[in-house]
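File shown: entry.txt (compact mmCIF, C-alpha atoms and all ligand atoms).
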# COMPACT_ATOMS: atom_id res chain seq x y z
CA MET A 869 -15.15 -46.25 -15.17
CA LYS A 870 -17.64 -46.59 -17.99
CA ILE A 871 -18.14 -43.27 -19.75
CA GLU A 872 -21.90 -43.08 -20.23
CA GLY A 873 -22.26 -39.60 -21.60
CA VAL A 874 -20.71 -36.23 -22.38
CA THR A 875 -22.42 -32.85 -22.51
CA LEU A 876 -20.67 -29.89 -24.08
CA ARG A 877 -21.91 -26.37 -23.40
CA GLU A 878 -20.96 -22.87 -24.34
CA LEU A 879 -21.48 -20.15 -21.76
CA ARG A 880 -21.26 -16.41 -22.23
CA MET A 881 -19.62 -14.65 -19.31
CA ARG A 882 -18.49 -11.03 -19.00
CA LEU A 883 -15.28 -10.23 -17.14
CA ASN A 884 -15.55 -7.50 -14.51
CA ALA A 885 -13.00 -5.48 -16.46
CA PRO A 886 -11.33 -5.71 -19.88
CA PHE A 887 -7.96 -7.54 -19.87
CA GLU A 888 -5.25 -6.36 -22.29
CA THR A 889 -2.21 -8.37 -23.41
CA SER A 890 0.23 -7.87 -26.29
CA PHE A 891 -2.24 -9.73 -28.53
CA GLY A 892 -5.42 -7.86 -27.73
CA ILE A 893 -8.22 -6.97 -25.32
CA THR A 894 -10.72 -9.47 -23.88
CA GLN A 895 -13.88 -8.84 -21.89
CA ASP A 896 -16.63 -11.12 -23.17
CA ARG A 897 -15.65 -14.72 -22.65
CA ARG A 898 -17.10 -17.70 -24.50
CA ILE A 899 -16.49 -20.51 -22.01
CA LEU A 900 -16.85 -24.18 -22.94
CA LEU A 901 -17.64 -26.69 -20.21
CA ILE A 902 -17.64 -30.49 -20.33
CA GLU A 903 -20.01 -32.41 -18.13
CA MET A 904 -19.04 -36.07 -18.09
CA LEU A 905 -21.15 -38.90 -16.76
CA ALA A 906 -19.36 -42.10 -15.78
CA ASP A 907 -20.77 -44.85 -13.57
CA GLY A 908 -23.55 -42.46 -12.59
CA VAL A 909 -21.14 -39.76 -11.33
CA THR A 910 -20.89 -36.32 -12.98
CA GLY A 911 -17.54 -34.56 -13.40
CA TRP A 912 -16.73 -31.15 -14.85
CA GLY A 913 -13.97 -29.84 -17.08
CA GLU A 914 -13.34 -26.50 -18.78
CA ILE A 915 -11.86 -25.85 -22.21
CA THR A 916 -9.52 -22.91 -21.73
CA THR A 917 -9.33 -21.62 -25.29
CA LEU A 918 -9.61 -17.94 -26.06
CA GLU A 919 -12.16 -16.73 -28.60
CA SER A 920 -9.47 -16.02 -31.22
CA PRO A 921 -6.33 -18.00 -32.17
CA SER A 922 -4.10 -15.35 -30.61
CA TYR A 923 -2.64 -17.19 -27.61
CA ASN A 924 -2.34 -20.53 -29.39
CA SER A 925 -3.96 -21.97 -32.50
CA GLU A 926 -7.13 -23.15 -30.72
CA THR A 927 -10.35 -21.16 -30.34
CA THR A 928 -13.74 -21.71 -28.72
CA ASP A 929 -15.08 -22.77 -32.11
CA THR A 930 -12.23 -25.13 -33.05
CA ALA A 931 -12.63 -26.83 -29.67
CA TRP A 932 -16.40 -27.16 -30.21
CA HIS A 933 -15.70 -28.79 -33.59
CA ILE A 934 -12.96 -31.15 -32.33
CA ILE A 935 -14.98 -32.27 -29.32
CA SER A 936 -18.20 -32.67 -31.31
CA ASP A 937 -16.76 -34.49 -34.30
CA PHE A 938 -13.91 -36.45 -32.74
CA LEU A 939 -13.39 -36.47 -28.97
CA ALA A 940 -16.90 -37.00 -27.62
CA PRO A 941 -17.78 -39.84 -30.07
CA LEU A 942 -14.42 -41.43 -29.24
CA VAL A 943 -14.70 -41.41 -25.44
CA VAL A 944 -18.40 -42.14 -24.92
CA GLY A 945 -18.80 -45.87 -24.25
CA GLN A 946 -15.12 -46.33 -23.26
CA ASN A 947 -14.23 -48.20 -20.13
CA VAL A 948 -11.10 -47.08 -18.27
CA SER A 949 -9.80 -47.81 -14.80
CA THR A 950 -8.32 -44.34 -14.28
CA ALA A 951 -8.52 -40.95 -16.01
CA ALA A 952 -4.79 -41.31 -16.84
CA GLU A 953 -5.83 -43.97 -19.37
CA LEU A 954 -7.77 -41.43 -21.41
CA PRO A 955 -4.87 -39.52 -23.11
CA PRO A 956 -3.57 -42.59 -25.02
CA LEU A 957 -7.09 -43.03 -26.45
CA LEU A 958 -7.02 -39.42 -27.68
CA GLU A 959 -3.57 -39.72 -29.23
CA PRO A 960 -4.78 -40.34 -32.81
CA ILE A 961 -6.04 -36.74 -32.76
CA ARG A 962 -3.09 -34.41 -33.16
CA GLY A 963 -2.83 -31.10 -31.36
CA HIS A 964 -5.98 -29.52 -29.88
CA TYR A 965 -4.54 -29.82 -26.37
CA MET A 966 -7.10 -27.54 -24.73
CA ALA A 967 -10.05 -29.44 -26.20
CA LYS A 968 -8.55 -32.73 -24.98
CA ALA A 969 -7.76 -31.30 -21.55
CA GLY A 970 -11.37 -30.27 -20.95
CA VAL A 971 -12.54 -33.82 -21.65
CA GLU A 972 -9.81 -35.58 -19.66
CA ASN A 973 -10.06 -33.27 -16.66
CA ALA A 974 -13.80 -33.90 -16.31
CA LEU A 975 -13.00 -37.60 -15.91
CA TRP A 976 -10.42 -36.80 -13.21
CA ASP A 977 -13.20 -35.04 -11.30
CA VAL A 978 -15.37 -38.17 -11.67
CA GLU A 979 -12.56 -40.44 -10.50
CA ALA A 980 -11.78 -38.35 -7.41
CA GLN A 981 -15.48 -38.38 -6.43
CA GLN A 982 -15.65 -42.13 -6.96
CA ARG A 983 -12.62 -42.65 -4.75
CA SER A 984 -14.11 -40.25 -2.17
CA MET A 985 -11.11 -37.94 -2.17
CA PRO A 986 -10.24 -34.40 -3.20
CA LEU A 987 -8.93 -34.20 -6.76
CA TRP A 988 -5.70 -32.54 -5.59
CA LYS A 989 -4.89 -35.53 -3.41
CA LEU A 990 -5.70 -37.99 -6.20
CA LEU A 991 -3.27 -36.12 -8.47
CA GLY A 992 -0.51 -36.46 -5.87
CA GLY A 993 -0.67 -32.91 -4.52
CA THR A 994 1.28 -32.21 -1.35
CA ARG A 995 0.43 -28.57 -0.59
CA GLU A 996 -2.65 -27.78 1.48
CA GLU A 997 -2.25 -24.15 0.55
CA ILE A 998 -1.09 -22.61 -2.70
CA THR A 999 0.54 -19.21 -3.11
CA CYS A 1000 -1.02 -16.69 -5.45
CA GLY A 1001 0.18 -13.91 -7.65
CA VAL A 1002 -1.72 -11.70 -10.03
CA SER A 1003 -1.32 -10.99 -13.70
CA LEU A 1004 -2.03 -7.36 -14.60
CA GLY A 1005 -3.07 -6.41 -18.10
CA ILE A 1006 -1.47 -3.56 -20.02
CA ARG A 1007 -2.72 -0.15 -18.78
CA GLU A 1008 -3.08 3.18 -20.46
CA ASN A 1009 -0.34 4.82 -18.46
CA PRO A 1010 2.25 3.97 -15.78
CA GLN A 1011 0.40 5.91 -13.06
CA SER A 1012 -2.75 3.79 -13.34
CA LEU A 1013 -0.61 0.63 -13.30
CA VAL A 1014 1.14 1.72 -10.09
CA LYS A 1015 -2.26 2.33 -8.50
CA LYS A 1016 -3.45 -1.13 -9.55
CA VAL A 1017 -0.30 -2.79 -8.18
CA GLU A 1018 -0.87 -1.05 -4.86
CA GLU A 1019 -4.45 -2.38 -4.74
CA GLU A 1020 -3.36 -5.97 -5.45
CA LEU A 1021 -0.56 -5.86 -2.89
CA SER A 1022 -3.03 -4.72 -0.25
CA CYS A 1023 -5.03 -7.90 -1.01
CA GLY A 1024 -1.97 -9.96 -0.05
CA TYR A 1025 -0.86 -11.24 -3.47
CA GLN A 1026 2.71 -12.50 -3.31
CA ARG A 1027 3.88 -11.80 -6.84
CA ILE A 1028 2.94 -9.16 -9.37
CA LYS A 1029 3.18 -9.96 -13.07
CA LEU A 1030 2.91 -7.19 -15.63
CA LYS A 1031 1.85 -7.80 -19.20
CA ILE A 1032 4.12 -5.83 -21.52
CA LYS A 1033 4.59 -5.06 -25.20
CA PRO A 1034 7.03 -2.89 -27.16
CA GLY A 1035 6.43 0.76 -26.24
CA LYS A 1036 4.68 -0.22 -23.02
CA ASP A 1037 7.49 -1.92 -21.13
CA LEU A 1038 10.48 -0.08 -19.61
CA ASN A 1039 8.50 3.06 -18.74
CA PHE A 1040 5.83 1.00 -16.93
CA LEU A 1041 8.47 -1.13 -15.16
CA THR A 1042 10.43 1.91 -14.03
CA ALA A 1043 7.30 3.46 -12.52
CA VAL A 1044 6.39 0.29 -10.62
CA ARG A 1045 9.94 -0.45 -9.40
CA ASN A 1046 10.42 3.13 -8.18
CA VAL A 1047 7.40 2.86 -5.91
CA PHE A 1048 7.85 -0.82 -4.95
CA PRO A 1049 11.60 -1.56 -4.89
CA ASN A 1050 11.31 -4.90 -3.07
CA ILE A 1051 8.24 -6.73 -4.38
CA VAL A 1052 8.50 -9.99 -6.34
CA LEU A 1053 7.93 -8.75 -9.87
CA SER A 1054 7.85 -10.41 -13.28
CA VAL A 1055 6.81 -9.51 -16.82
CA ASP A 1056 5.01 -11.42 -19.57
CA ALA A 1057 5.56 -10.44 -23.20
CA ASN A 1058 3.32 -13.08 -24.83
CA SER A 1059 5.78 -13.37 -27.75
CA ALA A 1060 5.88 -9.64 -28.54
CA TYR A 1061 9.67 -9.38 -29.14
CA ARG A 1062 12.23 -10.90 -31.51
CA LEU A 1063 15.78 -12.11 -31.06
CA LYS A 1064 17.05 -8.90 -32.66
CA ASP A 1065 15.59 -7.07 -29.63
CA ALA A 1066 18.14 -8.75 -27.30
CA ASP A 1067 19.88 -5.45 -26.46
CA HIS A 1068 16.53 -3.93 -25.50
CA LEU A 1069 15.58 -6.99 -23.44
CA ARG A 1070 18.91 -6.81 -21.59
CA LYS A 1071 17.73 -3.49 -20.13
CA PHE A 1072 15.13 -5.44 -18.14
CA ASP A 1073 17.99 -6.92 -16.08
CA GLU A 1074 18.27 -3.79 -13.93
CA PHE A 1075 14.74 -4.31 -12.53
CA ASP A 1076 15.65 -7.48 -10.65
CA LEU A 1077 12.74 -9.44 -12.11
CA LEU A 1078 11.81 -12.97 -11.05
CA MET A 1079 11.44 -13.77 -14.76
CA ILE A 1080 10.56 -12.57 -18.22
CA GLU A 1081 7.85 -14.78 -19.63
CA GLN A 1082 7.77 -15.88 -23.28
CA PRO A 1083 9.58 -12.90 -24.83
CA LEU A 1084 9.98 -14.47 -28.30
CA GLU A 1085 7.83 -16.35 -30.83
CA TRP A 1086 5.21 -18.71 -29.46
CA ASP A 1087 6.62 -21.80 -31.21
CA ASP A 1088 10.36 -21.07 -31.13
CA ILE A 1089 12.34 -22.76 -28.36
CA TYR A 1090 15.66 -22.38 -30.23
CA SER A 1091 15.58 -18.56 -30.29
CA HIS A 1092 14.94 -18.50 -26.54
CA ALA A 1093 18.01 -20.73 -26.11
CA LEU A 1094 20.01 -18.09 -28.01
CA LEU A 1095 18.51 -15.23 -25.99
CA GLN A 1096 18.93 -16.63 -22.45
CA PRO A 1097 22.77 -16.34 -22.36
CA LYS A 1098 22.46 -12.71 -23.51
CA ILE A 1099 20.30 -11.60 -20.57
CA ARG A 1100 20.56 -12.10 -16.81
CA THR A 1101 16.80 -12.24 -16.19
CA ALA A 1102 15.49 -15.80 -16.11
CA ILE A 1103 13.36 -16.72 -19.12
CA CYS A 1104 10.12 -18.53 -18.33
CA LEU A 1105 8.44 -20.36 -21.21
CA ASP A 1106 4.67 -20.46 -21.56
CA GLU A 1107 3.34 -20.67 -25.14
CA CYS A 1108 6.26 -22.87 -26.33
CA ILE A 1109 5.53 -25.80 -24.01
CA SER A 1110 2.73 -28.23 -24.90
CA ASN A 1111 4.12 -31.47 -23.45
CA ASP A 1112 7.00 -33.15 -21.63
CA ARG A 1113 9.04 -33.54 -24.83
CA HIS A 1114 8.96 -29.79 -25.43
CA VAL A 1115 9.99 -29.03 -21.87
CA ILE A 1116 12.92 -31.48 -21.99
CA GLY A 1117 14.14 -29.78 -25.18
CA ALA A 1118 13.69 -26.33 -23.67
CA ILE A 1119 15.54 -27.05 -20.44
CA GLU A 1120 18.33 -29.12 -21.99
CA SER A 1121 18.98 -26.44 -24.63
CA GLY A 1122 19.07 -23.67 -22.01
CA ALA A 1123 16.01 -21.88 -23.39
CA CYS A 1124 14.43 -21.30 -19.97
CA LYS A 1125 15.04 -21.45 -16.23
CA ILE A 1126 11.38 -21.43 -15.16
CA VAL A 1127 8.25 -22.99 -16.70
CA ASN A 1128 4.65 -21.81 -16.65
CA ILE A 1129 2.30 -24.81 -16.79
CA LYS A 1130 -1.17 -24.19 -18.13
CA LEU A 1131 -3.39 -27.19 -17.72
CA GLY A 1132 -5.17 -26.68 -21.02
CA ARG A 1133 -2.07 -25.84 -23.04
CA VAL A 1134 -0.35 -29.11 -22.03
CA GLY A 1135 -3.47 -31.22 -22.64
CA GLY A 1136 -4.77 -32.04 -19.15
CA HIS A 1137 -3.74 -33.34 -15.73
CA THR A 1138 -1.83 -36.41 -16.94
CA SER A 1139 0.47 -34.34 -19.15
CA ALA A 1140 0.74 -31.53 -16.57
CA ARG A 1141 2.04 -34.01 -14.01
CA LYS A 1142 4.63 -35.26 -16.51
CA VAL A 1143 5.77 -31.72 -17.32
CA GLN A 1144 6.19 -30.87 -13.65
CA ASP A 1145 8.05 -34.17 -13.06
CA VAL A 1146 10.50 -33.33 -15.85
CA CYS A 1147 11.03 -29.87 -14.33
CA ARG A 1148 11.46 -31.19 -10.79
CA GLU A 1149 14.05 -33.73 -11.88
CA ARG A 1150 16.00 -30.85 -13.42
CA LYS A 1151 15.38 -28.46 -10.51
CA VAL A 1152 13.42 -26.02 -12.67
CA PRO A 1153 10.64 -24.29 -10.72
CA VAL A 1154 7.12 -24.23 -12.20
CA TRP A 1155 3.96 -22.26 -11.56
CA CYS A 1156 0.38 -22.33 -12.80
CA GLY A 1157 -0.65 -19.82 -15.46
CA GLY A 1158 -4.21 -18.61 -16.06
CA MET A 1159 -6.49 -18.33 -19.10
CA LEU A 1160 -9.29 -16.13 -17.68
CA GLU A 1161 -11.06 -19.30 -16.57
CA SER A 1162 -14.45 -19.67 -14.95
CA GLY A 1163 -14.63 -21.39 -11.56
CA VAL A 1164 -14.46 -24.90 -13.05
CA GLY A 1165 -11.10 -24.23 -14.71
CA ARG A 1166 -9.94 -22.33 -11.64
CA ALA A 1167 -10.74 -25.31 -9.38
CA HIS A 1168 -8.73 -27.62 -11.66
CA ASN A 1169 -5.84 -25.11 -11.57
CA ILE A 1170 -5.90 -25.12 -7.77
CA ALA A 1171 -5.72 -28.94 -7.71
CA MET A 1172 -2.77 -28.93 -10.13
CA SER A 1173 -0.96 -26.20 -8.18
CA THR A 1174 -0.71 -28.45 -5.09
CA LEU A 1175 1.80 -30.72 -6.91
CA PRO A 1176 5.27 -30.55 -5.35
CA GLY A 1177 7.01 -28.86 -8.32
CA PHE A 1178 4.79 -25.76 -8.12
CA THR A 1179 7.19 -23.77 -5.94
CA LEU A 1180 6.47 -20.29 -7.34
CA PRO A 1181 3.24 -18.29 -6.86
CA GLY A 1182 0.81 -18.91 -9.73
CA ASP A 1183 -1.73 -16.78 -11.56
CA VAL A 1184 -4.66 -18.45 -9.81
CA SER A 1185 -6.42 -15.68 -7.95
CA ALA A 1186 -9.81 -14.93 -6.40
CA SER A 1187 -13.01 -15.43 -8.43
CA GLN A 1188 -14.09 -11.88 -7.63
CA ARG A 1189 -11.12 -10.39 -9.51
CA TYR A 1190 -12.74 -11.71 -12.70
CA TRP A 1191 -16.45 -12.38 -12.19
CA SER A 1192 -19.28 -10.66 -10.35
CA GLN A 1193 -20.68 -14.17 -9.78
CA ASP A 1194 -18.60 -17.29 -10.41
CA ILE A 1195 -20.21 -20.58 -11.46
CA ILE A 1196 -18.80 -22.47 -8.46
CA GLU A 1197 -19.69 -22.21 -4.80
CA PRO A 1198 -18.12 -21.03 -2.70
CA PRO A 1199 -16.19 -18.74 -5.05
CA VAL A 1200 -12.40 -19.02 -4.89
CA ASP A 1201 -11.17 -16.81 -2.11
CA VAL A 1202 -7.65 -15.63 -1.37
CA GLY A 1203 -6.52 -15.25 2.25
CA PRO A 1204 -4.82 -12.14 3.66
CA MET A 1205 -1.38 -13.68 3.07
CA GLY A 1206 -2.12 -14.30 -0.62
CA THR A 1207 -2.89 -18.00 -0.41
CA ILE A 1208 -5.73 -20.33 -1.43
CA THR A 1209 -6.52 -23.33 0.74
CA ALA A 1210 -6.97 -26.55 -1.22
CA PRO A 1211 -10.59 -27.68 -0.69
CA ASN A 1212 -11.35 -30.85 1.23
CA GLY A 1213 -14.52 -31.87 -0.61
CA PHE A 1214 -14.43 -34.83 -2.99
CA GLY A 1215 -13.58 -34.18 -6.63
CA LEU A 1216 -13.08 -30.51 -7.49
CA GLY A 1217 -14.12 -29.61 -3.96
CA TYR A 1218 -16.46 -26.81 -5.05
CA ASN A 1219 -20.14 -27.05 -5.89
CA VAL A 1220 -21.02 -26.30 -9.48
CA ASN A 1221 -23.92 -23.84 -9.67
CA ARG A 1222 -26.07 -25.60 -12.26
CA GLU A 1223 -28.84 -23.03 -12.22
CA LEU A 1224 -26.42 -20.23 -13.05
CA ILE A 1225 -24.70 -22.38 -15.69
CA ASP A 1226 -28.08 -23.04 -17.33
CA ARG A 1227 -28.79 -19.32 -17.39
CA LEU A 1228 -25.43 -18.53 -19.02
CA THR A 1229 -25.55 -21.39 -21.53
CA VAL A 1230 -26.08 -20.41 -25.17
CA ARG A 1231 -25.68 -23.82 -26.82
CA THR A 1232 -25.46 -27.45 -25.72
CA ARG A 1233 -24.68 -30.78 -27.32
CA SER A 1234 -24.90 -34.20 -25.66
CA TRP A 1235 -23.69 -37.71 -26.45
CA ARG A 1236 -24.97 -40.82 -24.67
CA ASP A 1237 -23.62 -44.34 -24.87
CA ALA A 1238 -26.08 -46.48 -26.84
CA ALA A 1239 -26.40 -48.89 -23.88
CA TYR A 1240 -27.86 -46.04 -21.81
CA ALA A 1241 -29.54 -44.02 -24.54
CA SER A 1242 -32.91 -45.67 -24.21
CA SER A 1243 -33.00 -45.63 -20.42
MG MG B 1 2.10 -16.04 -20.27
When written as structure tokens, how does the structure in this file appear?
Ligand SMILES: [Mg+2]
Amino acid sequence: MKIEGVTLRELRMRLNAPFETSFGITQDRRILLIEMLADGVTGWGEITTLESPSYNSETTDTAWHIISDFLAPLVVGQNVSTAAELPPLLEPIRGHYMAKAGVENALWDVEAQQRSMPLWKLLGGTREEITCGVSLGIRENPQSLVKKVEEELSCGYQRIKLKIKPGKDLNFLTAVRNVFPNIVLSVDANSAYRLKDADHLRKFDEFDLLMIEQPLEWDDIYSHALLQPKIRTAICLDECISNDRHVIGAIESGACKIVNIKLGRVGGHTSARKVQDVCRERKVPVWCGGMLESGVGRAHNIAMSTLPGFTLPGDVSASQRYWSQDIIEPPVDVGPMGTITAPNGFGLGYNVNRELIDRLTVRTRSWRDAAYASS
């Protein structure tokens, strides 16, 4: 595949409702999309950074800079036989996993279209249907959270995840567990606690949680390895894992029993497959986490979630939970049993709504291979 051109765009999209985590509240999203042209076929990727460096060190603006000044000039004009050959070319650029993932994933979409197959099958996916959970932001009070949980359960979602932070944890969990004693429940702290809080975190054990996600510092696998033997609840790592080397270290040191794979955080489909392979070999279940993506990122998440290691319900849910109108058609829909059917169309399997994307775009930059620039 000869990469003829790359277009980078920034879209402004407003979430249906504000989303609160331990690191802040988000409602207005600045979404970056990559449109890649190779051998005359267009593929799409999304850069899943947040606006601020609060989840990881990347932001919408750092990704714009890295893609503009390094990644796009590097990939345009390259000739590769598969999208899996792209990551080695990007290796000289350290870090910036989400920026790289957006670029690489767009080429996966191209390759799947060229091979006339759905992306999920090209990746090696084996599930025709993926199971979905929801991630609920921090609420003002336990009563409103209980009401929200009830709503989501009535939509069929198979796992409820609650965002927590110190002062908004045990009281919220108690309220939810009292009303729903048997649901599959987990919590996500987004690094809001410290190892000295181990006694407090042990209190979570009585709620029979599927997992506690990333309780300690975002870059500290060792402290999680010290915490796990002190609590019964399984630790799931999210922020700590950027590649297969990290996940080997985490599992072998006993820092986690479950892994959340975010396609952007690990740098794209090639790395995500490696991470899930490492986990499968060690019998550690994985699931797909979300970054408040638009439909393009959501479609890539669905493709990744069909891989055999993804045995737990992920955070990929219906478009309408986030957007009044998504940029893909049809929007992602969740069935009454809380599942999404992997699409059968070639590539992403959803149509990208170009007209809507144009309307939402606030800035664009394009690169063309010199051989095609004059045509
Ligand atoms: Mg998380």
Between atom CA of Gly1117 of chain A and atom CA of Leu954 of chain A - distance in Å to one decimal: 25.1 Å
What does the list of residues within 7 Å of ligand MG 1 (chain B) look like if you count all atoms listed in the file, written as a PyMOL selection string? chain A and resi 1056+1058+1081-1082+1106-1107+1157
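Counting all atoms listed in the file and comparing A:Leu1004, A:Leu1013, A:Leu942, A:Ala980, the residue that lies closest to Val909 of chain A is A:Ala980.
The coordinates place atom CA of Thr889 of chain A at 9.4 Å from atom CA of Leu1030 of chain A.
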Skipping near chain neighbours, those fewer than 6 positions away, what residues fall within 12 Å of Arg962 of chain A using all atoms listed in the file, listed as number ranges by chain? A: 934, 938-939, 955-956, 968, 1110, 1135
Residue selection dump (C-alpha atoms) as a short mmCIF file (atom, residue, chain, number, x, y, z; two decimals), keeping the file's coordinate frame:
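Result file selection.cif:
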data_model
loop_
_atom_site.label_atom_id
_atom_site.label_comp_id
_atom_site.auth_asym_id
_atom_site.auth_seq_id
_atom_site.Cartn_x
_atom_site.Cartn_y
_atom_site.Cartn_z
CA ILE A 934 -12.96 -31.15 -32.33
CA PHE A 938 -13.91 -36.45 -32.74
CA LEU A 939 -13.39 -36.47 -28.97
CA PRO A 955 -4.87 -39.52 -23.11
CA PRO A 956 -3.57 -42.59 -25.02
CA LYS A 968 -8.55 -32.73 -24.98
CA SER A 1110 2.73 -28.23 -24.90
CA GLY A 1135 -3.47 -31.22 -22.64
#
Using only C-alpha atoms, find the one residue out of A:Ile1006, A:Phe1214, A:Asp907, A:Asp896 that sits nearest to Gly873 of chain A. A:Asp907
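Minimum distance to Thr875 of chain A across A:Ser936, A:Asn1009, A:Gln1026, A:Asn973 (counting only C-alpha atoms) occurs at A:Ser936.
Closest approach to Arg880 of chain A among A:Asn1221, A:Ser1162, A:Thr1209, A:Ser1059: A:Ser1162, based on all atoms listed in the file.
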Which residue of A:Leu1228, A:Val1154, A:Val1164, A:Val1115 approaches Leu1180 of chain A most closely, using all atoms listed in the file: A:Val1154
Please, which residues in segment 1076-1118 of chain A fall within 10 Å of segment 916-926 of chain A when counting all atoms listed in the file, and what is the closest atom pair and distance in Å to one decimal for each, ordered by chain then residue number, as CSV?
residue,atom,partner,partner_atom,distance
A:Trp1086,CA,A:Asn924,CA,7.8
A:Asp1087,CA,A:Asn924,CA,9.2
A:Glu1107,CA,A:Asn924,CA,7.1
A:Cys1108,CA,A:Asn924,CA,9.4
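Comparing A:Glu872, A:Glu953, A:Asp977, A:Glu1149 by their smallest distance to Gly1165 of chain A, the closest is A:Asp977 (using all atoms listed in the file).
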Taking (11.0, -25.5, -23.3) in the file's coordinates, which residues come within 8 Å, counting only C-alpha atoms, written as number ranges by chain? A: 1089, 1105, 1108-1109, 1114-1119, 1123-1124, 1127
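The interatomic distance for the pair atom CA of Thr1174 of chain A and atom CA of Gly913 of chain A works out to 17.9 Å.
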Can you pull out every residue within 12 Å of Gln1011 of chain A, counting all atoms listed in the file, but drop anything in the same chain fewer than 2 positions away, and send it as a PyMOL selection string? chain A and resi 1006-1009+1013-1018+1039-1044+1046-1047
Enclose segment 1194-1197 of chain A, meaning all of its atoms listed in the file, in a box aligned along x, y and z, pad it by 6 Å on each side, and list the centre and edge lengths in Å to one decimal, as JSON.
{"center_x": -19.4, "center_y": -19.9, "center_z": -8.1, "size_x": 13.6, "size_y": 17.2, "size_z": 18.7}
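Within the 8 Å cut-off around Ala1060 of chain A, using only C-alpha atoms and omitting residues fewer than 4 positions from it on the same chain, the listed residues are A:Ser890, A:Lys1033, A:Pro1034, A:Pro1083, A:Leu1084, A:Glu1085.
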Neighbour list for Asp1067 of chain A as a PyMOL selection string, cut-off 10 Å, only C-alpha atoms, skip fewer than 6 positions in-chain: chain A and resi 1095+1098-1099
